[in-house]
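Trainee: Quick one, final.pdb (PDB, C-alpha atoms):
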ATOM      1  CA  MET G   1    -123.088-207.344  43.716  1.00  0.00           C
ATOM      2  CA  LEU G   2    -121.555-204.176  42.345  1.00  0.00           C
ATOM      3  CA  LYS G   3    -119.094-204.072  45.210  1.00  0.00           C
ATOM      4  CA  ARG G   4    -118.105-207.679  44.562  1.00  0.00           C
ATOM      5  CA  ARG G   5    -117.539-206.972  40.872  1.00  0.00           C
ATOM      6  CA  THR G   6    -115.436-203.962  41.769  1.00  0.00           C
ATOM      7  CA  ILE G   7    -113.249-206.090  44.061  1.00  0.00           C
ATOM      8  CA  ILE G   8    -112.823-208.780  41.386  1.00  0.00           C
ATOM      9  CA  ALA G   9    -111.960-206.179  38.739  1.00  0.00           C
ATOM     10  CA  ALA G  10    -109.406-204.573  41.050  1.00  0.00           C
ATOM     11  CA  ALA G  11    -107.839-207.957  41.787  1.00  0.00           C
ATOM     12  CA  LEU G  12    -107.560-208.779  38.076  1.00  0.00           C
ATOM     13  CA  ALA G  13    -106.045-205.396  37.354  1.00  0.00           C
ATOM     14  CA  ALA G  14    -103.487-205.848  40.132  1.00  0.00           C
ATOM     15  CA  ALA G  15    -102.447-209.357  39.064  1.00  0.00           C
ATOM     16  CA  PRO G  16    -100.107-208.282  36.208  1.00  0.00           C
ATOM     17  CA  LEU G  17     -98.486-205.751  38.527  1.00  0.00           C
ATOM     18  CA  ALA G  18     -97.917-208.429  41.145  1.00  0.00           C
ATOM     19  CA  LEU G  19     -96.382-210.763  38.562  1.00  0.00           C
ATOM     20  CA  THR G  20     -94.145-207.962  37.286  1.00  0.00           C
ATOM     21  CA  ALA G  21     -93.016-207.175  40.814  1.00  0.00           C
ATOM     22  CA  THR G  22     -92.291-210.868  41.474  1.00  0.00           C
ATOM     23  CA  ALA G  23     -90.262-211.152  38.254  1.00  0.00           C
ATOM     24  CA  ALA G  24     -88.350-207.974  39.115  1.00  0.00           C
ATOM     25  CA  ALA G  25     -87.565-209.292  42.597  1.00  0.00           C
ATOM     26  CA  ALA G  26     -86.335-212.593  41.139  1.00  0.00           C
ATOM     27  CA  ALA G  27     -84.164-210.766  38.599  1.00  0.00           C
ATOM     28  CA  GLY G  28     -82.734-208.558  41.346  1.00  0.00           C
ATOM     29  CA  ALA G  29     -81.888-211.631  43.427  1.00  0.00           C
ATOM     30  CA  ALA G  30     -80.162-213.262  40.437  1.00  0.00           C
ATOM     31  CA  GLU G  31     -78.161-210.095  39.765  1.00  0.00           C
ATOM     32  CA  SER G  32     -77.074-209.864  43.407  1.00  0.00           C
ATOM     33  CA  PHE G  33     -76.136-213.546  43.402  1.00  0.00           C
ATOM     34  CA  ILE G  34     -73.804-213.019  40.438  1.00  0.00           C
ATOM     35  CA  ALA G  35     -72.391-209.666  41.565  1.00  0.00           C
ATOM     36  CA  ASN G  36     -71.479-210.972  45.008  1.00  0.00           C
ATOM     37  CA  ASN G  37     -70.269-214.451  44.159  1.00  0.00           C
ATOM     38  CA  ILE G  38     -68.404-214.107  40.873  1.00  0.00           C
ATOM     39  CA  GLN G  39     -66.265-211.314  42.254  1.00  0.00           C
ATOM     40  CA  ARG G  40     -65.486-213.599  45.201  1.00  0.00           C
ATOM     41  CA  GLY G  41     -64.208-216.185  42.729  1.00  0.00           C
ATOM     42  CA  PHE G  42     -61.910-213.620  41.154  1.00  0.00           C
ATOM     43  CA  ASP G  43     -60.655-212.615  44.586  1.00  0.00           C
ATOM     44  CA  ILE G  44     -59.648-216.216  45.279  1.00  0.00           C
ATOM     45  CA  LEU G  45     -57.754-216.487  41.992  1.00  0.00           C
ATOM     46  CA  ASN G  46     -56.066-213.125  42.593  1.00  0.00           C
ATOM     47  CA  ASP G  47     -54.917-213.946  46.131  1.00  0.00           C
ATOM     48  CA  ARG G  48     -51.170-214.355  45.698  1.00  0.00           C
ATOM     49  CA  SER G  49     -50.740-215.070  49.397  1.00  0.00           C
ATOM     50  CA  LEU G  50     -52.062-218.554  48.571  1.00  0.00           C
ATOM     51  CA  SER G  51     -50.112-221.262  46.818  1.00  0.00           C
ATOM     52  CA  ALA G  52     -51.402-222.495  43.456  1.00  0.00           C
ATOM     53  CA  ALA G  53     -52.695-225.663  45.142  1.00  0.00           C
ATOM     54  CA  GLU G  54     -54.512-223.637  47.817  1.00  0.00           C
ATOM     55  CA  ARG G  55     -56.109-221.407  45.181  1.00  0.00           C
ATOM     56  CA  ARG G  56     -57.338-224.472  43.281  1.00  0.00           C
ATOM     57  CA  SER G  57     -58.733-226.006  46.441  1.00  0.00           C
ATOM     58  CA  ARG G  58     -60.517-222.844  47.583  1.00  0.00           C
ATOM     59  CA  PHE G  59     -61.841-222.148  44.096  1.00  0.00           C
ATOM     60  CA  ALA G  60     -63.204-225.696  43.877  1.00  0.00           C
ATOM     61  CA  THR G  61     -65.025-225.237  47.198  1.00  0.00           C
ATOM     62  CA  PHE G  62     -66.338-221.860  46.044  1.00  0.00           C
ATOM     63  CA  LEU G  63     -67.572-223.178  42.685  1.00  0.00           C
ATOM     64  CA  LEU G  64     -69.234-226.269  44.126  1.00  0.00           C
ATOM     65  CA  GLY G  65     -71.169-223.980  46.439  1.00  0.00           C
ATOM     66  CA  LEU G  66     -72.523-222.015  43.452  1.00  0.00           C
ATOM     67  CA  THR G  67     -73.493-224.803  41.100  1.00  0.00           C
ATOM     68  CA  ASP G  68     -75.691-227.877  40.981  1.00  0.00           C
ATOM     69  CA  MET G  69     -73.213-230.186  39.273  1.00  0.00           C
ATOM     70  CA  ARG G  70     -75.565-233.153  39.285  1.00  0.00           C
ATOM     71  CA  ARG G  71     -78.321-231.241  37.552  1.00  0.00           C
ATOM     72  CA  VAL G  72     -75.954-229.896  34.897  1.00  0.00           C
ATOM     73  CA  ALA G  73     -74.279-233.284  34.379  1.00  0.00           C
ATOM     74  CA  ILE G  74     -77.581-235.087  33.783  1.00  0.00           C
ATOM     75  CA  PHE G  75     -78.705-232.300  31.429  1.00  0.00           C
ATOM     76  CA  LEU G  76     -75.517-232.709  29.412  1.00  0.00           C
ATOM     77  CA  LEU G  77     -75.913-236.478  29.313  1.00  0.00           C
ATOM     78  CA  GLY G  78     -79.239-235.936  27.559  1.00  0.00           C
ATOM     79  CA  LYS G  79     -81.190-238.976  26.386  1.00  0.00           C
ATOM     80  CA  TYR G  80     -78.363-241.299  27.449  1.00  0.00           C
ATOM     81  CA  ALA G  81     -79.240-240.649  31.110  1.00  0.00           C
ATOM     82  CA  ASP G  82     -82.500-242.574  30.677  1.00  0.00           C
ATOM     83  CA  GLY G  83     -80.818-245.941  30.149  1.00  0.00           C
ATOM     84  CA  ALA G  84     -78.131-245.543  32.791  1.00  0.00           C
ATOM     85  CA  VAL G  85     -78.306-247.192  36.221  1.00  0.00           C
ATOM     86  CA  PRO G  86     -77.871-244.996  39.346  1.00  0.00           C
ATOM     87  CA  GLU G  87     -74.283-246.183  39.895  1.00  0.00           C
ATOM     88  CA  GLN G  88     -73.332-245.121  36.352  1.00  0.00           C
ATOM     89  CA  ILE G  89     -74.982-241.741  36.860  1.00  0.00           C
ATOM     90  CA  ASN G  90     -73.149-241.179  40.148  1.00  0.00           C
ATOM     91  CA  THR G  91     -69.786-242.099  38.627  1.00  0.00           C
ATOM     92  CA  PHE G  92     -70.504-239.863  35.653  1.00  0.00           C
ATOM     93  CA  VAL G  93     -71.451-236.930  37.881  1.00  0.00           C
ATOM     94  CA  ASP G  94     -68.171-237.307  39.813  1.00  0.00           C
ATOM     95  CA  ALA G  95     -66.152-237.361  36.575  1.00  0.00           C
ATOM     96  CA  PHE G  96     -68.054-234.372  35.207  1.00  0.00           C
ATOM     97  CA  ARG G  97     -67.485-232.441  38.449  1.00  0.00           C
ATOM     98  CA  ASP G  98     -63.694-232.902  38.238  1.00  0.00           C
ATOM     99  CA  TYR G  99     -63.707-231.921  34.569  1.00  0.00           C
ATOM    100  CA  SER G 100     -65.893-228.862  35.183  1.00  0.00           C
ATOM    101  CA  LEU G 101     -63.722-227.598  38.019  1.00  0.00           C
ATOM    102  CA  ALA G 102     -60.719-227.628  35.690  1.00  0.00           C
ATOM    103  CA  VAL G 103     -62.647-225.929  32.869  1.00  0.00           C
ATOM    104  CA  TYR G 104     -64.223-223.210  35.018  1.00  0.00           C
ATOM    105  CA  GLN G 105     -60.978-222.461  36.793  1.00  0.00           C
ATOM    106  CA  SER G 106     -59.331-222.013  33.402  1.00  0.00           C
ATOM    107  CA  TYR G 107     -62.148-219.700  32.240  1.00  0.00           C
ATOM    108  CA  PHE G 108     -62.059-217.608  35.394  1.00  0.00           C
ATOM    109  CA  ALA G 109     -58.259-217.424  35.381  1.00  0.00           C
ATOM    110  CA  GLN G 110     -58.356-215.755  31.947  1.00  0.00           C
ATOM    111  CA  TYR G 111     -60.166-212.842  33.558  1.00  0.00           C
ATOM    112  CA  SER G 112     -58.393-212.679  36.904  1.00  0.00           C
ATOM    113  CA  GLY G 113     -57.672-209.092  37.858  1.00  0.00           C
ATOM    114  CA  GLN G 114     -60.821-207.896  36.103  1.00  0.00           C
ATOM    115  CA  THR G 115     -63.645-205.921  37.667  1.00  0.00           C
ATOM    116  CA  LEU G 116     -67.144-207.319  37.206  1.00  0.00           C
ATOM    117  CA  LYS G 117     -70.150-205.051  36.683  1.00  0.00           C
ATOM    118  CA  VAL G 118     -73.703-206.350  36.343  1.00  0.00           C
ATOM    119  CA  THR G 119     -75.393-204.522  33.461  1.00  0.00           C
ATOM    120  CA  GLY G 120     -78.858-206.104  33.568  1.00  0.00           C
ATOM    121  CA  SER G 121     -80.829-209.317  33.424  1.00  0.00           C
ATOM    122  CA  ARG G 122     -83.713-210.984  31.641  1.00  0.00           C
ATOM    123  CA  GLN G 123     -86.020-213.800  32.625  1.00  0.00           C
ATOM    124  CA  ARG G 124     -86.133-216.909  30.427  1.00  0.00           C
ATOM    125  CA  ALA G 125     -88.848-218.459  32.587  1.00  0.00           C
ATOM    126  CA  PRO G 126     -89.907-218.211  36.233  1.00  0.00           C
ATOM    127  CA  GLY G 127     -86.867-219.063  38.315  1.00  0.00           C
ATOM    128  CA  ASP G 128     -84.562-218.975  35.278  1.00  0.00           C
ATOM    129  CA  ASP G 129     -82.661-215.717  34.625  1.00  0.00           C
ATOM    130  CA  ILE G 130     -79.815-214.536  32.420  1.00  0.00           C
ATOM    131  CA  VAL G 131     -77.589-211.987  34.150  1.00  0.00           C
ATOM    132  CA  SER G 132     -75.464-209.845  31.831  1.00  0.00           C
ATOM    133  CA  THR G 133     -72.119-208.514  33.021  1.00  0.00           C
ATOM    134  CA  THR G 134     -69.126-206.628  31.735  1.00  0.00           C
ATOM    135  CA  LEU G 135     -65.613-207.504  32.828  1.00  0.00           C
ATOM    136  CA  THR G 136     -63.315-204.510  32.583  1.00  0.00           C
ATOM    137  CA  GLY G 137     -59.547-204.485  32.705  1.00  0.00           C
ATOM    138  CA  ASP G 138     -56.733-205.748  30.495  1.00  0.00           C
ATOM    139  CA  ASN G 139     -58.906-208.519  29.044  1.00  0.00           C
ATOM    140  CA  SER G 140     -62.390-206.973  28.841  1.00  0.00           C
ATOM    141  CA  ALA G 141     -65.352-209.126  27.882  1.00  0.00           C
ATOM    142  CA  GLU G 142     -69.114-209.384  28.036  1.00  0.00           C
ATOM    143  CA  VAL G 143     -70.162-212.465  29.990  1.00  0.00           C
ATOM    144  CA  ASP G 144     -73.665-213.777  30.670  1.00  0.00           C
ATOM    145  CA  PHE G 145     -74.524-216.063  33.573  1.00  0.00           C
ATOM    146  CA  ARG G 146     -77.587-218.289  33.691  1.00  0.00           C
ATOM    147  CA  VAL G 147     -79.004-218.561  37.203  1.00  0.00           C
ATOM    148  CA  ARG G 148     -81.728-220.977  38.318  1.00  0.00           C
ATOM    149  CA  SER G 149     -83.589-219.995  41.470  1.00  0.00           C
ATOM    150  CA  ASP G 150     -86.364-222.590  41.372  1.00  0.00           C
ATOM    151  CA  GLY G 151     -84.691-224.729  44.041  1.00  0.00           C
ATOM    152  CA  PRO G 152     -83.705-224.237  47.668  1.00  0.00           C
ATOM    153  CA  LYS G 153     -81.037-221.689  46.679  1.00  0.00           C
ATOM    154  CA  PRO G 154     -79.863-219.904  43.499  1.00  0.00           C
ATOM    155  CA  VAL G 155     -77.386-221.898  41.411  1.00  0.00           C
ATOM    156  CA  LEU G 156     -75.214-221.075  38.427  1.00  0.00           C
ATOM    157  CA  VAL G 157     -75.969-223.442  35.537  1.00  0.00           C
ATOM    158  CA  ASP G 158     -74.189-221.949  32.516  1.00  0.00           C
ATOM    159  CA  ILE G 159     -71.827-219.207  31.317  1.00  0.00           C
ATOM    160  CA  ALA G 160     -71.717-217.460  27.934  1.00  0.00           C
ATOM    161  CA  VAL G 161     -68.677-215.578  26.681  1.00  0.00           C
ATOM    162  CA  ALA G 162     -69.250-213.449  23.571  1.00  0.00           C
ATOM    163  CA  GLY G 163     -72.668-215.077  23.157  1.00  0.00           C
ATOM    164  CA  ILE G 164     -71.406-218.684  23.196  1.00  0.00           C
ATOM    165  CA  TRP G 165     -72.905-220.790  25.978  1.00  0.00           C
ATOM    166  CA  LEU G 166     -70.407-223.187  27.482  1.00  0.00           C
ATOM    167  CA  GLY G 167     -73.012-225.741  28.606  1.00  0.00           C
ATOM    168  CA  LEU G 168     -74.770-225.923  25.235  1.00  0.00           C
ATOM    169  CA  ALA G 169     -71.464-226.223  23.392  1.00  0.00           C
ATOM    170  CA  GLU G 170     -70.417-228.999  25.771  1.00  0.00           C
ATOM    171  CA  ARG G 171     -73.705-230.830  25.289  1.00  0.00           C
ATOM    172  CA  ASP G 172     -73.163-230.941  21.523  1.00  0.00           C
ATOM    173  CA  GLU G 173     -69.567-232.093  22.040  1.00  0.00           C
ATOM    174  CA  PHE G 174     -70.548-234.782  24.544  1.00  0.00           C
ATOM    175  CA  ALA G 175     -73.440-235.978  22.352  1.00  0.00           C
ATOM    176  CA  ALA G 176     -70.969-236.476  19.490  1.00  0.00           C
ATOM    177  CA  VAL G 177     -68.668-238.551  21.734  1.00  0.00           C
ATOM    178  CA  LEU G 178     -71.604-240.687  22.905  1.00  0.00           C
ATOM    179  CA  ALA G 179     -72.872-241.164  19.353  1.00  0.00           C
ATOM    180  CA  ARG G 180     -69.446-242.375  18.194  1.00  0.00           C
ATOM    181  CA  SER G 181     -69.215-244.775  21.144  1.00  0.00           C
ATOM    182  CA  HIS G 182     -72.799-246.061  20.790  1.00  0.00           C
ATOM    183  CA  GLY G 183     -73.862-244.444  24.070  1.00  0.00           C
ATOM    184  CA  ASP G 184     -70.923-245.709  26.140  1.00  0.00           C
ATOM    185  CA  ILE G 185     -70.793-243.388  29.159  1.00  0.00           C
ATOM    186  CA  ALA G 186     -67.348-244.748  30.085  1.00  0.00           C
ATOM    187  CA  ALA G 187     -66.039-243.394  26.769  1.00  0.00           C
ATOM    188  CA  LEU G 188     -67.364-239.945  27.654  1.00  0.00           C
ATOM    189  CA  MET G 189     -65.688-240.082  31.061  1.00  0.00           C
ATOM    190  CA  GLN G 190     -62.409-240.930  29.335  1.00  0.00           C
ATOM    191  CA  HIS G 191     -63.010-237.910  27.105  1.00  0.00           C
ATOM    192  CA  PHE G 192     -63.305-235.833  30.296  1.00  0.00           C
ATOM    193  CA  ARG G 193     -59.967-237.125  31.560  1.00  0.00           C
ATOM    194  CA  ASP G 194     -58.245-236.439  28.239  1.00  0.00           C
ATOM    195  CA  ALA G 195     -59.695-232.927  28.001  1.00  0.00           C
ATOM    196  CA  GLN G 196     -59.000-232.171  31.654  1.00  0.00           C
ATOM    197  CA  ALA G 197     -55.287-232.754  31.079  1.00  0.00           C
ATOM    198  CA  GLN G 198     -55.249-229.689  28.809  1.00  0.00           C
ATOM    199  CA  TYR G 199     -56.218-227.420  31.686  1.00  0.00           C
ATOM    200  CA  ARG G 200     -53.510-228.520  34.107  1.00  0.00           C
TER     201      ARG G 200
END
Spell out the structure here as structure tokens.
Mentor:
Amino acid sequence: MLKRRTIIAAALAAAPLALTATAAAAAGAAESFIANNIQRGFDILNDRSLSAAERRSRFATFLLGLTDMRRVAIFLLGKYADGAVPEQINTFVDAFRDYSLAVYQSYFAQYSGQTLKVTGSRQRAPGDDIVSTTLTGDNSAEVDFRVRSDGPKPVLVDIAVAGIWLGLAERDEFAAVLARSHGDIAALMQHFRDAQAQYR
């Protein structure tokens, strides 16, 4: 009996250490994901051997490989996703994808030529990490990346510049458009097209 109690006590004592090690491994994976991939995005934008159209095309392929656009789009749609039929959702996701590619390319282009350095990370929840980075160069900035790793592969779900999260700001903006249009998703897609024109 004493031996059994000793084994149980040892297992309970080791559990927090195991959880800490798991969290540290997840954070390290999120940091590596950002360090390797975001710099690759900058390299595409900095490659002057490519035409502007080729850079846009390659950056779009790169970004779509990093993100789960459907997941983000439905999150941003909020409560209005509940009453939408699958065809509406699919059309909305396509419109959001085109809009997001324009927005993210514009954001990344502001910092082309910069060097990215991961400075740390913190876990919001299991499989949900914030990776902090510093971009150094002519246009230095502190940028945070939210990475979800609770699916088949890590995905980038949001970016914060100077503490302002792009996804959360967009959700408030989109909610206002939907409220004014009485939940008309077509009106929000038109808003995407109008806003997207600013990034061309």
Trainee: Expand the PyMOL selection byres ((chain G and resi 100) around 10) into the explicit residue set it covers here, and present it as a PDB file with C-alpha atoms, keeping the file's coordinate frame.
Mentor:
ATOM      1  CA  ALA G  60     -63.204-225.696  43.877  1.00  0.00           C
ATOM      2  CA  LEU G  63     -67.572-223.178  42.685  1.00  0.00           C
ATOM      3  CA  LEU G  64     -69.234-226.269  44.126  1.00  0.00           C
ATOM      4  CA  MET G  69     -73.213-230.186  39.273  1.00  0.00           C
ATOM      5  CA  ALA G  73     -74.279-233.284  34.379  1.00  0.00           C
ATOM      6  CA  ASP G  94     -68.171-237.307  39.813  1.00  0.00           C
ATOM      7  CA  ALA G  95     -66.152-237.361  36.575  1.00  0.00           C
ATOM      8  CA  PHE G  96     -68.054-234.372  35.207  1.00  0.00           C
ATOM      9  CA  ARG G  97     -67.485-232.441  38.449  1.00  0.00           C
ATOM     10  CA  ASP G  98     -63.694-232.902  38.238  1.00  0.00           C
ATOM     11  CA  TYR G  99     -63.707-231.921  34.569  1.00  0.00           C
ATOM     12  CA  LEU G 101     -63.722-227.598  38.019  1.00  0.00           C
ATOM     13  CA  ALA G 102     -60.719-227.628  35.690  1.00  0.00           C
ATOM     14  CA  VAL G 103     -62.647-225.929  32.869  1.00  0.00           C
ATOM     15  CA  TYR G 104     -64.223-223.210  35.018  1.00  0.00           C
ATOM     16  CA  GLN G 105     -60.978-222.461  36.793  1.00  0.00           C
ATOM     17  CA  SER G 106     -59.331-222.013  33.402  1.00  0.00           C
ATOM     18  CA  PHE G 192     -63.305-235.833  30.296  1.00  0.00           C
ATOM     19  CA  GLN G 196     -59.000-232.171  31.654  1.00  0.00           C
TER      20      GLN G 196
END
Trainee: What box, with edges along x, y and z, holds each listed atom of range 183-190 of chain G when 3 Å is added on every side, and can you state its centre and edge lengths in Å to one decimal, as JSON?
Mentor:
{"center_x": -68.1, "center_y": -242.8, "center_z": 27.6, "size_x": 17.5, "size_y": 11.8, "size_z": 13.0}
Trainee: What does the structure give for the distance between CA of Ile44 in chain G and CA of Arg58 in chain G, in Å to one decimal?
Mentor: 7.1 Å
Trainee: Contacts between range 151-163 of chain G and range 25-92 of chain G, please, where a residue of range 25-92 of chain G counts if it comes within 12 Å (with all atoms listed in the file); show its shortest atom pair and distance in Å to one decimal, rows by chain and ascending number, as a tab-separated table.
Mentor:
residue	atom	partner	partner_atom	distance
G:Ala26	CA	G:Pro154	CA	10.0
G:Ala27	CA	G:Pro154	CA	11.2
G:Gly28	CA	G:Pro154	CA	11.9
G:Ala29	CA	G:Pro154	CA	8.5
G:Ala30	CA	G:Pro154	CA	7.3
G:Glu31	CA	G:Pro154	CA	10.6
G:Ser32	CA	G:Pro154	CA	10.4
G:Phe33	CA	G:Pro154	CA	7.4
G:Ile34	CA	G:Leu156	CA	8.4
G:Asn37	CA	G:Leu156	CA	10.1
G:Ile38	CA	G:Leu156	CA	10.0
G:Phe62	CA	G:Leu156	CA	11.7
G:Leu63	CA	G:Leu156	CA	9.0
G:Leu64	CA	G:Val155	CA	9.6
G:Gly65	CA	G:Val155	CA	8.3
G:Leu66	CA	G:Val155	CA	5.3
G:Thr67	CA	G:Val155	CA	4.9
G:Asp68	CA	G:Val155	CA	6.2
G:Met69	CA	G:Val157	CA	8.2
G:Arg70	CA	G:Val157	CA	10.4
G:Arg71	CA	G:Val157	CA	8.4
G:Val72	CA	G:Val157	CA	6.5
G:Ala73	CA	G:Val157	CA	10.1
G:Ile74	CA	G:Val157	CA	11.9
G:Phe75	CA	G:Val157	CA	10.1
G:Leu76	CA	G:Val157	CA	11.1
Trainee: Work out how far apart CA of Arg193 in chain G and CA of Trp165 in chain G are and give it in Å to one decimal.
Mentor: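 Atom-to-atom, CA of Arg193 in chain G and CA of Trp165 in chain G are spaced 21.6 Å apart.
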Trainee: Interatomic distance between CA of Gly137 in chain G and CA of Gly41 in chain G?
Mentor: 16.1 Å
Trainee: Got a sec to resolve the PyMOL selection byres ((chain G and resi 134) around 6) on this structure and send the residues as a list in words?
Mentor: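 Against this file, the PyMOL selection byres ((chain G and resi 134) around 6) returns the residues Leu116, Lys117, Thr133, Leu135, Ala141 and Glu142 of chain G.
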Trainee: When the PyMOL selection byres ((chain G and resi 168-174) around 9) is applied to the structure above, which residues does it catch, written out as a list in words?
Mentor: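 Applying the PyMOL selection byres ((chain G and resi 168-174) around 9) to the structure shown produces Phe75, Leu76, Leu77, Gly78, Asp158, Ile164, Trp165, Leu166, Gly167, Ala175, Ala176, Val177, Leu178, Ala179, Leu188 and His191 of chain G.
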